[in-house]
>>> print(open('input_7.cif').read())   # mmCIF, C-alpha atoms and all ligand atoms
data_query
#
loop_
_atom_site.label_atom_id
_atom_site.label_comp_id
_atom_site.auth_asym_id
_atom_site.auth_seq_id
_atom_site.Cartn_x
_atom_site.Cartn_y
_atom_site.Cartn_z
CA MET W 1266 116.18 22.29 94.07
CA ILE W 1267 117.05 19.18 92.12
CA GLN W 1268 120.09 18.50 94.25
CA ARG W 1269 118.09 18.77 97.43
CA LEU W 1270 115.50 16.31 96.15
CA LEU W 1271 118.18 13.87 95.14
CA LEU W 1272 119.70 14.03 98.58
CA THR W 1273 116.33 13.38 100.16
CA ALA W 1274 115.79 10.37 97.96
CA ALA W 1275 119.24 9.03 98.83
CA LEU W 1276 118.56 9.32 102.52
CA LEU W 1277 115.31 7.47 102.18
CA VAL W 1278 117.03 4.40 100.85
CA GLY W 1279 119.90 4.34 103.25
CA GLY W 1280 122.54 6.22 101.34
CA THR W 1281 122.31 4.40 98.04
CA ALA W 1282 120.53 5.54 94.94
CA HIS W 1283 116.93 4.48 94.70
CA ALA W 1284 115.96 1.65 92.45
CA TYR W 1285 112.22 2.11 92.02
CA GLU W 1286 110.73 2.58 88.58
CA LEU W 1287 107.25 3.56 87.53
CA LEU W 1288 104.77 2.05 85.10
CA ARG W 1289 104.25 4.46 82.21
CA VAL W 1290 101.71 5.06 79.46
CA ASN W 1291 104.07 3.82 76.74
CA THR W 1292 104.81 0.62 78.76
CA ASP W 1293 108.49 1.64 79.02
CA PRO W 1294 109.43 2.28 82.66
CA CYS W 1295 112.80 3.66 81.55
CA SER W 1296 111.30 6.42 79.44
CA ASN W 1297 110.13 9.81 80.65
CA ALA W 1298 106.55 9.23 79.56
CA GLN W 1299 103.68 9.98 81.94
CA ASN W 1300 103.51 7.46 84.77
CA LEU W 1301 100.40 5.52 85.74
CA PHE W 1302 98.38 6.46 88.82
CA TRP W 1303 94.97 6.14 90.41
CA SER W 1304 93.42 9.60 90.32
CA ALA W 1305 91.61 8.94 93.63
CA LYS W 1306 94.91 7.93 95.27
CA SER W 1307 93.17 4.71 96.20
CA VAL W 1308 91.69 1.51 94.79
CA SER W 1309 89.58 -1.20 96.34
CA VAL W 1310 90.78 -4.80 96.37
CA SER W 1311 88.54 -7.84 96.09
CA VAL W 1312 89.75 -11.12 97.58
CA LEU W 1313 86.36 -12.82 97.29
CA ALA W 1314 87.61 -15.21 94.60
CA LEU W 1315 90.37 -16.50 96.86
CA PRO W 1316 89.91 -19.46 99.20
CA ALA W 1317 91.38 -19.46 102.69
CA PRO W 1318 94.10 -18.88 103.68
CA TYR W 1319 94.98 -16.87 100.56
CA ASN W 1320 92.19 -14.35 101.02
CA GLY W 1321 93.50 -13.43 104.45
CA LEU W 1322 97.07 -13.25 103.18
CA ALA W 1323 96.03 -10.95 100.35
CA VAL W 1324 94.27 -8.65 102.81
CA GLU W 1325 97.42 -8.58 104.92
CA ALA W 1326 99.34 -7.65 101.78
CA TRP W 1327 97.32 -4.51 101.04
CA GLN W 1328 97.17 -3.60 104.70
CA ARG W 1329 100.97 -3.67 104.89
CA TRP W 1330 101.16 -1.31 101.94
CA ASN W 1331 98.74 1.01 103.70
CA ALA W 1332 100.81 0.90 106.87
CA SER W 1333 103.92 1.84 104.88
CA VAL W 1334 103.02 4.59 102.42
CA SER W 1335 102.01 8.16 103.10
CA ARG W 1336 98.99 8.86 100.94
CA PHE W 1337 97.91 6.00 98.68
CA ARG W 1338 95.35 3.62 100.20
CA PHE W 1339 93.98 0.19 99.33
CA SER W 1340 90.56 -0.69 100.70
CA ALA W 1341 88.29 -3.73 100.82
CA GLY W 1342 86.15 -4.11 97.71
CA ASN W 1343 83.92 -6.54 95.88
CA GLY W 1344 84.31 -7.54 92.28
CA PRO W 1345 84.88 -10.58 90.06
CA PRO W 1346 88.32 -11.33 88.60
CA CYS W 1347 89.40 -10.03 85.22
CA THR W 1348 86.61 -7.52 84.71
CA ARG W 1349 87.25 -3.88 83.90
CA ASP W 1350 85.34 -2.62 86.91
CA GLY W 1351 87.90 -0.45 88.65
CA VAL W 1352 88.28 -3.02 91.43
CA ALA W 1353 91.61 -4.79 91.85
CA ALA W 1354 90.43 -8.40 92.04
CA ILE W 1355 92.88 -11.13 93.03
CA ALA W 1356 92.38 -14.71 91.91
CA ILE W 1357 94.18 -18.03 91.46
CA ALA W 1358 93.78 -19.60 88.02
CA ASP W 1359 95.40 -21.72 85.31
CA GLN W 1360 95.57 -18.77 82.93
CA PRO W 1361 96.03 -15.01 83.40
CA CYS W 1362 93.26 -12.58 82.60
CA ASP W 1363 93.77 -12.61 78.82
CA GLN W 1364 93.56 -16.42 78.70
CA SER W 1365 97.12 -16.63 77.44
CA ASP W 1366 99.98 -18.45 79.16
CA PHE W 1367 101.79 -17.68 82.39
CA GLY W 1368 105.13 -18.60 80.88
CA ASP W 1369 107.52 -18.67 83.82
CA ALA W 1370 105.47 -16.20 85.87
CA LEU W 1371 104.12 -16.97 89.32
CA ALA W 1372 101.57 -14.20 89.08
CA ILE W 1373 100.54 -11.56 86.56
CA THR W 1374 98.88 -8.21 87.04
CA ARG W 1375 96.88 -6.82 84.15
CA SER W 1376 96.56 -3.07 84.26
CA THR W 1377 94.40 -0.87 82.06
CA TRP W 1378 94.81 2.89 81.78
CA ASN W 1379 93.89 6.01 79.89
CA GLY W 1380 96.23 8.07 77.75
CA ASP W 1381 96.71 10.58 80.55
CA GLY W 1382 98.09 7.84 82.82
CA SER W 1383 95.02 7.45 84.99
CA LEU W 1384 94.43 3.80 85.78
CA VAL W 1385 91.08 2.23 84.90
CA ASP W 1386 91.50 -1.25 86.30
CA ALA W 1387 94.10 -3.72 87.53
CA ASP W 1388 93.58 -7.40 88.29
CA VAL W 1389 95.99 -9.94 89.74
CA THR W 1390 96.09 -13.63 88.85
CA PHE W 1391 98.24 -16.12 90.74
CA ARG W 1392 99.17 -19.21 88.81
CA SER W 1393 97.56 -22.27 90.37
CA GLY W 1394 99.68 -25.13 91.64
CA THR W 1395 102.94 -23.29 92.33
CA PHE W 1396 105.01 -23.57 95.49
CA LEU W 1397 103.41 -20.33 96.67
CA MET W 1398 100.29 -22.28 97.53
CA ASP W 1399 102.25 -24.07 100.25
CA ASP W 1400 104.17 -21.06 101.56
CA ASP W 1401 102.03 -18.43 103.25
CA ASP W 1402 104.84 -15.93 103.72
CA ARG W 1403 105.97 -16.10 100.10
CA PHE W 1404 102.38 -15.92 98.87
CA ARG W 1405 101.94 -12.71 100.87
CA GLN W 1406 105.22 -11.36 99.53
CA VAL W 1407 104.17 -11.97 95.93
CA ALA W 1408 100.75 -10.44 96.68
CA MET W 1409 102.51 -7.32 97.97
CA HIS W 1410 104.67 -7.29 94.81
CA GLU W 1411 101.63 -7.51 92.53
CA LEU W 1412 99.83 -4.82 94.52
CA GLY W 1413 102.90 -2.67 93.93
CA HIS W 1414 102.14 -3.00 90.21
CA VAL W 1415 98.49 -2.26 90.92
CA LEU W 1416 99.37 1.09 92.50
CA GLY W 1417 101.75 2.01 89.67
CA LEU W 1418 105.22 0.65 90.36
CA ALA W 1419 107.32 -1.12 87.72
CA HIS W 1420 110.10 -3.57 88.49
CA SER W 1421 112.94 -2.02 90.45
CA ASP W 1422 115.48 -3.76 88.21
CA ALA W 1423 113.80 -2.75 84.95
CA CYS W 1424 116.25 0.00 84.05
CA GLY W 1425 119.68 -1.33 84.85
CA LYS W 1426 119.73 -1.35 88.64
CA SER W 1427 119.83 -4.55 90.65
CA GLY W 1428 116.80 -3.79 92.77
CA ALA W 1429 118.35 -6.10 95.36
CA GLY W 1430 116.39 -6.27 98.57
CA THR W 1431 113.32 -4.53 97.18
CA LEU W 1432 109.84 -5.96 96.95
CA MET W 1433 109.56 -4.88 93.31
CA GLN W 1434 112.50 -6.86 91.96
CA ALA W 1435 111.31 -8.89 88.96
CA VAL W 1436 112.59 -12.24 90.16
CA LEU W 1437 111.57 -13.72 93.48
CA SER W 1438 114.85 -14.38 95.22
CA GLY W 1439 116.70 -13.36 98.32
CA PRO W 1440 115.38 -13.13 101.87
CA LEU W 1441 111.73 -13.27 102.72
CA LEU W 1442 110.14 -9.81 102.75
CA LEU W 1443 107.30 -9.21 105.18
CA ALA W 1444 106.52 -5.65 104.11
CA PRO W 1445 107.30 -3.09 101.39
CA GLN W 1446 110.92 -1.94 101.69
CA PRO W 1447 112.13 1.69 101.91
CA ASP W 1448 112.78 1.94 98.16
CA ASP W 1449 109.36 0.51 97.31
CA ILE W 1450 107.77 2.96 99.72
CA ALA W 1451 109.70 5.89 98.25
CA GLY W 1452 108.42 4.91 94.81
CA ALA W 1453 104.81 4.76 95.94
CA ASN W 1454 105.11 8.09 97.70
CA ALA W 1455 106.60 9.61 94.53
CA ILE W 1456 103.58 8.51 92.50
CA TYR W 1457 101.23 10.06 95.06
CA PRO W 1458 102.90 13.28 96.17
CA SER W 1459 101.61 15.53 98.90
CA GLY W 1460 99.88 18.83 98.27
CA SER W 1461 97.04 19.95 96.07
CA GLY W 1462 98.68 18.46 93.03
CA GLY W 1463 98.78 15.01 94.57
CA GLY W 1464 97.33 12.12 92.69
CA ASP W 1465 98.01 13.58 89.28
CA GLY W 1466 100.92 11.27 88.75
CA SER W 1467 103.49 14.05 88.66
CA VAL W 1468 106.98 13.19 89.83
CA PRO W 1469 109.30 15.82 91.28
CA PRO W 1470 112.35 16.45 89.11
CA GLY W 1471 115.21 14.34 90.37
CA ALA W 1472 113.03 12.08 92.44
CA ASN W 1473 113.17 9.29 89.89
CA SER W 1474 115.76 8.17 87.42
CA CYS W 1475 113.06 8.13 84.78
CA ALA W 1476 111.55 11.40 86.00
CA ILE W 1477 109.32 13.39 83.74
CA THR W 1478 111.25 16.30 82.33
CA PRO W 1479 109.67 19.60 81.30
CA SER W 1480 110.79 19.23 77.69
CA GLY W 1481 110.77 15.47 77.43
CA GLY W 1482 110.22 13.97 74.03
CA ASP W 1483 107.24 12.03 75.27
CA ALA W 1484 105.59 15.02 76.92
CA VAL W 1485 103.33 15.65 73.97
CA ALA W 1486 99.60 15.14 73.73
CA PRO W 1487 98.97 11.45 73.16
CA PRO W 1488 97.48 10.43 69.83
CA LEU W 1489 93.82 9.54 69.91
CA ALA W 1490 94.55 5.85 69.81
CA ALA W 1491 96.60 6.15 72.97
CA LEU W 1492 93.57 7.50 74.79
CA LEU W 1493 92.02 4.08 74.55
CA PRO W 1494 92.92 1.80 77.43
CA LEU W 1495 95.99 -0.26 76.83
CA LEU W 1496 97.07 -3.47 78.44
CA LEU W 1497 100.23 -4.18 80.29
CA TRP W 1498 101.44 -7.44 81.65
CA ARG W 1499 103.72 -7.60 84.61
CA ARG W 1500 105.45 -10.84 85.27
CA LEU W 1501 107.08 -12.13 88.40
CA ARG W 1502 109.38 -15.00 87.73
CA ARG W 1503 110.72 -17.54 90.11
CA GLY W 1504 114.40 -17.31 90.91
CA ASN W 1505 116.75 -20.17 91.51
ZN ZN W 1601 106.31 -7.99 88.86
#
>>> encode(input="input_7.cif", output="structure tokens")
Amino acid sequence: MIQRLLLTAALLVGGTAHAYELLRVNTDPCSNAQNLFWSAKSVSVSVLALPAPYNGLAVEAWQRWNASVSRFRFSAGNGPPCTRDGVAAIAIADQPCDQSDFGDALAITRSTWNGDGSLVDADVTFRSGTFLMDDDDRFRQVAMHELGHVLGLAHSDACGKSGAGTLMQAVLSGPLLLAPQPDDIAGANAIYPSGSGGGDGSVPPGANSCAITPSGGDAVAPPLAALLPLLLWRRLRRGN
């Protein structure tokens, strides 16, 4: 069974091992802790805080995810930035949602989740004044990257793989990407599997290098404190 699943995964990414990694409750994508997921297999996205043309580009970004993945869906929503309202709001600002510093990041997604991995909220902030504001295609690419975090993907190069050619690589470099790539899509489909168990965040054994194992050390009931929403920052840095 495991071998068959591994073969399927290899075929999906053109004969090479997949690179995708998943956001997890302990913030370590390389662990076997429970991964993060939207229990409804969907989340609404608000672009109301974005001026043109960025609002339209952000809509294109979530629509291209929808056109690529099997079961997860983004939809149009309405909500202010940086509020824990269950709406993925996208904004451009001088500071990310926690009023800290962007560092070298072009954009930051703040995700909030419960101890069981179910996501509560995720908001995206683009740093104002970067070159993205003058490059529609790259802005859309970064919006797609951040929406990958929103749906539950970690960086494809977070656990030792290059992630080359994937949307979810941590550093923006390489050719322009106009849509999620096969490895990104495989990751999203792994978070939201088909069947009655879909949406519970389960990952088939062998489908992910950080797959949940039946006897994994992290597969214990989370302590009470972990049931409180935690915060995770995802950073996308500019390459050379
Ligand atoms: Zn990122």
>>> residues_near_ligand(input="input_7.cif", ligand="ligand ZN 1601 (chain W)", cutoff="10 Å", atoms="only C-alpha atoms and all ligand atoms", output="count of residues only")
30
>>> atom_distance(input="input_7.cif", atom1="atom CA of Thr1377 of chain W", atom2="atom CA of Leu1313 of chain W")
21.0 Å
>>> closest_residue(input="input_7.cif", among="W:Ser1459, W:Thr1390, W:Ser1309, W:Ser1427", to="Val1352 of chain W", atoms="all atoms listed in the file")
W:Ser1309
>>> atom_distance(input="input_7.cif", atom1="atom CA of Ala1387 of chain W", atom2="atom CA of Pro1447 of chain W")
23.7 Å
>>> residues_around(input="input_7.cif", residues="Trp1303 of chain W", least_positions_apart="3", cutoff="12 Å", atoms="all atoms listed in the file", output="PyMOL selection string")
chain W and resi 1288+1300+1306-1309+1336-1339+1351-1353+1376-1379+1381-1387+1414-1418+1453+1456-1457+1463-1467
>>> atom_distance(input="input_7.cif", atom1="atom CA of Met1398 of chain W", atom2="atom CA of Val1324 of chain W")
15.8 Å
>>> axis_aligned_box(input="input_7.cif", around="segment 1363-1380 of chain W", padding_each_side="8 Å", output="AutoDock Vina command-line options")
--center_x 100.5 --center_y -5.3 --center_z 83.4 --size_x 30.0 --size_y 42.7 --size_z 27.9
>>> closest_residue(input="input_7.cif", among="W:Tyr1285, W:Phe1302, W:Trp1330, W:Phe1367", to="Thr1395 of chain W", atoms="all atoms listed in the file")
W:Phe1367
>>> closest_residue(input="input_7.cif", among="W:Gly1368, W:Asp1363, W:Asp1401, W:Cys1347", to="Gly1321 of chain W", atoms="all atoms listed in the file")
W:Asp1401
>>> residues_near_point(input="input_7.cif", point="(107.3, -10.8, 100.5)", cutoff="7 Å", atoms="all atoms listed in the file", output="PDB file with C-alpha atoms, in the coordinates of the input")
ATOM      1  CA  ASP W1402     104.840 -15.930 103.720  1.00  0.00           C
ATOM      2  CA  ARG W1403     105.970 -16.100 100.100  1.00  0.00           C
ATOM      3  CA  ARG W1405     101.940 -12.710 100.870  1.00  0.00           C
ATOM      4  CA  GLN W1406     105.220 -11.360  99.530  1.00  0.00           C
ATOM      5  CA  VAL W1407     104.170 -11.970  95.930  1.00  0.00           C
ATOM      6  CA  MET W1409     102.510  -7.320  97.970  1.00  0.00           C
ATOM      7  CA  LEU W1432     109.840  -5.960  96.950  1.00  0.00           C
ATOM      8  CA  LEU W1441     111.730 -13.270 102.720  1.00  0.00           C
ATOM      9  CA  LEU W1442     110.140  -9.810 102.750  1.00  0.00           C
ATOM     10  CA  LEU W1443     107.300  -9.210 105.180  1.00  0.00           C
ATOM     11  CA  ALA W1444     106.520  -5.650 104.110  1.00  0.00           C
TER      12      ALA W1444
END
>>> closest_residue(input="input_7.cif", among="W:Asp1350, W:Asp1400, W:Gly1380, W:Pro1458", to="Val1290 of chain W", atoms="only C-alpha atoms")
W:Gly1380
>>> residues_around(input="input_7.cif", residues="Val1312 of chain W", least_positions_apart="3", cutoff="9 Å", atoms="only C-alpha atoms", output="compact mmCIF listing (two decimals) with C-alpha atoms, in the frame of the given file")
# COMPACT_ATOMS: atom_id res chain seq x y z
CA LEU W 1315 90.37 -16.50 96.86
CA PRO W 1316 89.91 -19.46 99.20
CA TYR W 1319 94.98 -16.87 100.56
CA ASN W 1320 92.19 -14.35 101.02
CA GLY W 1321 93.50 -13.43 104.45
CA ALA W 1323 96.03 -10.95 100.35
CA VAL W 1324 94.27 -8.65 102.81
CA ALA W 1341 88.29 -3.73 100.82
CA GLY W 1342 86.15 -4.11 97.71
CA ASN W 1343 83.92 -6.54 95.88
CA GLY W 1344 84.31 -7.54 92.28
CA PRO W 1345 84.88 -10.58 90.06
CA ALA W 1353 91.61 -4.79 91.85
CA ALA W 1354 90.43 -8.40 92.04
CA ILE W 1355 92.88 -11.13 93.03
CA ALA W 1356 92.38 -14.71 91.91
>>> decode(input="input_7.cif", residues="segment 1334-1360 of chain W", atoms="N, CA, C and O atoms", output="PDB file, in the first residue's frame")
ATOM      1  N   VAL W1334      -6.646  22.561  -7.950  1.00  0.00           N
ATOM      2  CA  VAL W1334      -6.752  21.516  -6.924  1.00  0.00           C
ATOM      3  C   VAL W1334      -8.085  20.794  -7.032  1.00  0.00           C
ATOM      4  O   VAL W1334      -9.038  21.277  -7.644  1.00  0.00           O
ATOM      5  N   SER W1335      -8.143  19.633  -6.400  1.00  0.00           N
ATOM      6  CA  SER W1335      -9.316  18.774  -6.563  1.00  0.00           C
ATOM      7  C   SER W1335     -10.478  19.169  -5.667  1.00  0.00           C
ATOM      8  O   SER W1335     -11.626  19.190  -6.102  1.00  0.00           O
ATOM      9  N   ARG W1336     -10.209  19.462  -4.409  1.00  0.00           N
ATOM     10  CA  ARG W1336     -11.320  19.579  -3.461  1.00  0.00           C
ATOM     11  C   ARG W1336     -11.346  20.872  -2.670  1.00  0.00           C
ATOM     12  O   ARG W1336     -12.410  21.380  -2.365  1.00  0.00           O
ATOM     13  N   PHE W1337     -10.195  21.424  -2.335  1.00  0.00           N
ATOM     14  CA  PHE W1337     -10.205  22.667  -1.562  1.00  0.00           C
ATOM     15  C   PHE W1337     -10.702  23.819  -2.439  1.00  0.00           C
ATOM     16  O   PHE W1337     -10.432  23.869  -3.644  1.00  0.00           O
ATOM     17  N   ARG W1338     -11.427  24.765  -1.837  1.00  0.00           N
ATOM     18  CA  ARG W1338     -11.917  25.910  -2.603  1.00  0.00           C
ATOM     19  C   ARG W1338     -11.767  27.212  -1.820  1.00  0.00           C
ATOM     20  O   ARG W1338     -12.167  27.295  -0.661  1.00  0.00           O
ATOM     21  N   PHE W1339     -11.232  28.227  -2.482  1.00  0.00           N
ATOM     22  CA  PHE W1339     -11.321  29.608  -2.017  1.00  0.00           C
ATOM     23  C   PHE W1339     -12.598  30.214  -2.574  1.00  0.00           C
ATOM     24  O   PHE W1339     -13.073  29.813  -3.647  1.00  0.00           O
ATOM     25  N   SER W1340     -13.143  31.206  -1.855  1.00  0.00           N
ATOM     26  CA  SER W1340     -14.316  31.911  -2.366  1.00  0.00           C
ATOM     27  C   SER W1340     -14.200  33.382  -1.992  1.00  0.00           C
ATOM     28  O   SER W1340     -13.378  33.762  -1.156  1.00  0.00           O
ATOM     29  N   ALA W1341     -15.020  34.205  -2.608  1.00  0.00           N
ATOM     30  CA  ALA W1341     -14.999  35.640  -2.334  1.00  0.00           C
ATOM     31  C   ALA W1341     -15.636  35.912  -0.979  1.00  0.00           C
ATOM     32  O   ALA W1341     -16.709  35.400  -0.664  1.00  0.00           O
ATOM     33  N   GLY W1342     -14.956  36.723  -0.165  1.00  0.00           N
ATOM     34  CA  GLY W1342     -15.465  37.037   1.164  1.00  0.00           C
ATOM     35  C   GLY W1342     -15.303  38.516   1.481  1.00  0.00           C
ATOM     36  O   GLY W1342     -14.877  39.307   0.638  1.00  0.00           O
ATOM     37  N   ASN W1343     -15.640  38.873   2.687  1.00  0.00           N
ATOM     38  CA  ASN W1343     -15.650  40.262   3.111  1.00  0.00           C
ATOM     39  C   ASN W1343     -15.201  40.333   4.560  1.00  0.00           C
ATOM     40  O   ASN W1343     -15.891  39.847   5.449  1.00  0.00           O
ATOM     41  N   GLY W1344     -14.046  40.923   4.771  1.00  0.00           N
ATOM     42  CA  GLY W1344     -13.581  41.068   6.146  1.00  0.00           C
ATOM     43  C   GLY W1344     -12.375  41.982   6.197  1.00  0.00           C
ATOM     44  O   GLY W1344     -11.609  42.087   5.233  1.00  0.00           O
ATOM     45  N   PRO W1345     -12.177  42.683   7.308  1.00  0.00           N
ATOM     46  CA  PRO W1345     -11.031  43.584   7.448  1.00  0.00           C
ATOM     47  C   PRO W1345      -9.744  42.805   7.689  1.00  0.00           C
ATOM     48  O   PRO W1345      -9.784  41.669   8.168  1.00  0.00           O
ATOM     49  N   PRO W1346      -8.599  43.411   7.364  1.00  0.00           N
ATOM     50  CA  PRO W1346      -7.317  42.730   7.567  1.00  0.00           C
ATOM     51  C   PRO W1346      -7.035  42.481   9.047  1.00  0.00           C
ATOM     52  O   PRO W1346      -7.475  43.238   9.914  1.00  0.00           O
ATOM     53  N   CYS W1347      -6.282  41.424   9.291  1.00  0.00           N
ATOM     54  CA  CYS W1347      -5.707  41.175  10.614  1.00  0.00           C
ATOM     55  C   CYS W1347      -6.752  41.087  11.717  1.00  0.00           C
ATOM     56  O   CYS W1347      -6.537  41.569  12.834  1.00  0.00           O
ATOM     57  N   THR W1348      -7.879  40.512  11.417  1.00  0.00           N
ATOM     58  CA  THR W1348      -8.874  40.217  12.444  1.00  0.00           C
ATOM     59  C   THR W1348      -9.137  38.724  12.432  1.00  0.00           C
ATOM     60  O   THR W1348      -9.147  38.102  11.378  1.00  0.00           O
ATOM     61  N   ARG W1349      -9.358  38.146  13.581  1.00  0.00           N
ATOM     62  CA  ARG W1349      -9.547  36.705  13.683  1.00  0.00           C
ATOM     63  C   ARG W1349     -11.009  36.377  13.413  1.00  0.00           C
ATOM     64  O   ARG W1349     -11.793  36.080  14.316  1.00  0.00           O
ATOM     65  N   ASP W1350     -11.361  36.499  12.136  1.00  0.00           N
ATOM     66  CA  ASP W1350     -12.764  36.361  11.740  1.00  0.00           C
ATOM     67  C   ASP W1350     -13.009  35.168  10.820  1.00  0.00           C
ATOM     68  O   ASP W1350     -14.110  34.992  10.315  1.00  0.00           O
ATOM     69  N   GLY W1351     -11.983  34.376  10.589  1.00  0.00           N
ATOM     70  CA  GLY W1351     -12.170  33.223   9.717  1.00  0.00           C
ATOM     71  C   GLY W1351     -12.144  33.552   8.245  1.00  0.00           C
ATOM     72  O   GLY W1351     -12.293  32.664   7.412  1.00  0.00           O
ATOM     73  N   VAL W1352     -11.947  34.830   7.924  1.00  0.00           N
ATOM     74  CA  VAL W1352     -11.828  35.269   6.534  1.00  0.00           C
ATOM     75  C   VAL W1352     -10.361  35.558   6.251  1.00  0.00           C
ATOM     76  O   VAL W1352      -9.690  36.225   7.052  1.00  0.00           O
ATOM     77  N   ALA W1353      -9.868  35.067   5.131  1.00  0.00           N
ATOM     78  CA  ALA W1353      -8.480  35.329   4.742  1.00  0.00           C
ATOM     79  C   ALA W1353      -8.421  36.681   4.050  1.00  0.00           C
ATOM     80  O   ALA W1353      -8.688  36.801   2.856  1.00  0.00           O
ATOM     81  N   ALA W1354      -8.106  37.724   4.807  1.00  0.00           N
ATOM     82  CA  ALA W1354      -8.037  39.073   4.257  1.00  0.00           C
ATOM     83  C   ALA W1354      -6.621  39.367   3.774  1.00  0.00           C
ATOM     84  O   ALA W1354      -5.648  39.010   4.425  1.00  0.00           O
ATOM     85  N   ILE W1355      -6.536  40.012   2.619  1.00  0.00           N
ATOM     86  CA  ILE W1355      -5.245  40.363   2.035  1.00  0.00           C
ATOM     87  C   ILE W1355      -5.119  41.878   2.020  1.00  0.00           C
ATOM     88  O   ILE W1355      -6.056  42.586   1.618  1.00  0.00           O
ATOM     89  N   ALA W1356      -3.971  42.374   2.479  1.00  0.00           N
ATOM     90  CA  ALA W1356      -3.769  43.817   2.558  1.00  0.00           C
ATOM     91  C   ALA W1356      -2.324  44.154   2.190  1.00  0.00           C
ATOM     92  O   ALA W1356      -1.467  43.274   2.089  1.00  0.00           O
ATOM     93  N   ILE W1357      -2.081  45.430   1.965  1.00  0.00           N
ATOM     94  CA  ILE W1357      -0.736  45.972   1.776  1.00  0.00           C
ATOM     95  C   ILE W1357      -0.496  46.952   2.917  1.00  0.00           C
ATOM     96  O   ILE W1357      -1.322  47.836   3.156  1.00  0.00           O
ATOM     97  N   ALA W1358       0.623  46.792   3.634  1.00  0.00           N
ATOM     98  CA  ALA W1358       0.851  47.642   4.800  1.00  0.00           C
ATOM     99  C   ALA W1358       2.339  47.757   5.085  1.00  0.00           C
ATOM    100  O   ALA W1358       3.160  47.037   4.524  1.00  0.00           O
ATOM    101  N   ASP W1359       2.678  48.685   6.002  1.00  0.00           N
ATOM    102  CA  ASP W1359       4.074  48.872   6.399  1.00  0.00           C
ATOM    103  C   ASP W1359       4.516  47.865   7.447  1.00  0.00           C
ATOM    104  O   ASP W1359       5.715  47.687   7.684  1.00  0.00           O
ATOM    105  N   GLN W1360       3.556  47.225   8.097  1.00  0.00           N
ATOM    106  CA  GLN W1360       3.878  46.227   9.112  1.00  0.00           C
ATOM    107  C   GLN W1360       2.957  45.022   8.935  1.00  0.00           C
ATOM    108  O   GLN W1360       1.808  45.171   8.496  1.00  0.00           O
TER     109      GLN W1360
END
